[in-house]
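Novice: Here you go, one structure.
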Amino acid sequence: MGQAFADTLPISKFHGVGPATAAKMERLGISTGLDLRAQTMAFLQQHFGKAGAYYYWIARGIDERAVQADSRP
């Protein structure tokens with residue numbers, strides 16, 4: 001169910017995608033999570049540098065960052 005939700009999510013709603021990046025993605029034909037997931041790692045890295053790998057993995061629901069269960073509000 002999560003992937004179906006992410007596929008329909010507008011690209012600007014993804015964590016780490018600000019207004020400038022969203023506009024660039026729109027120019028490249030990436031407007032939803034499904035559009036982002038359809039891109040290759042090489043394509044995203046070519047257009048977004050190091051952040052391309054991050055975008056590749058978030059479109060697939062994979063986030064390897066450590067979880068901090070006891071963080072302060």
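We name chains A, B, ... following the order of the structure tokens; residues begin at 1 in each chain, and ligands are numbered from 1 as shown.
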Excluding Arg60 (chain A) and any residue of its chain fewer than 5 positions from it, enumerate the residues within 10 Å of it, using only C-alpha atoms, and give them as an NGL selection string.

Specialist: :A and (2-3 or 6-7 or 33-34 or 36-38 or 55)

Novice: Going by DSSP on the backbone, which residues of chain A come out as alpha helix (DSSP H)? List them as a PyMOL selection string.

Specialist: chain A and resi 2-8+19-27+33-37+41-48+51-58

Novice: Enter the distance from CA of Thr8 (chain A) to CA of Leu44 (chain A), in Å, rounded to one decimal.

Specialist: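 These atoms are spaced 19.2 Å apart.
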
Novice: Extract, using only C-alpha atoms, all DNA, RNA and protein residues at most 9 Å from Ser12 (chain A), discarding same-chain residues fewer than 4 positions from it, and format them as an NGL selection string.

Specialist: :A and (16-19 or 21-23 or 31-32)

Novice: One decimal, Å: what's the distance from CA of Gln39 (chain A) over to CA of Ala20 (chain A), could you say?

Specialist: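 Straight-line distance from CA of Gln39 (chain A) to CA of Ala20 (chain A) works out to 18.8 Å.
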
Novice: Rank nothing, just name the residue among A:His15, A:Asp70, A:Met1, A:Leu28 nearest to Gln46 (chain A), using only C-alpha atoms.

Specialist: A:Leu28

Novice: Tell me which of A:Ala66, A:Phe5, A:Met41, A:Glu26 sits closest to Ala53 (chain A), counting only C-alpha atoms.

Specialist: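 Of A:Ala66, A:Phe5, A:Met41, A:Glu26, the one nearest Ala53 (chain A), counting only C-alpha atoms, is A:Met41.
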
Novice: Which residue out of A:Lys13, A:Arg72, A:His47, A:Lys24 has the minimum interatomic distance to Ala59 (chain A) when only C-alpha atoms are used?

Specialist: A:Lys13

Novice: CA of Arg65 (chain A) and CA of Thr40 (chain A), how far apart in Å?

Specialist: 21.4 Å
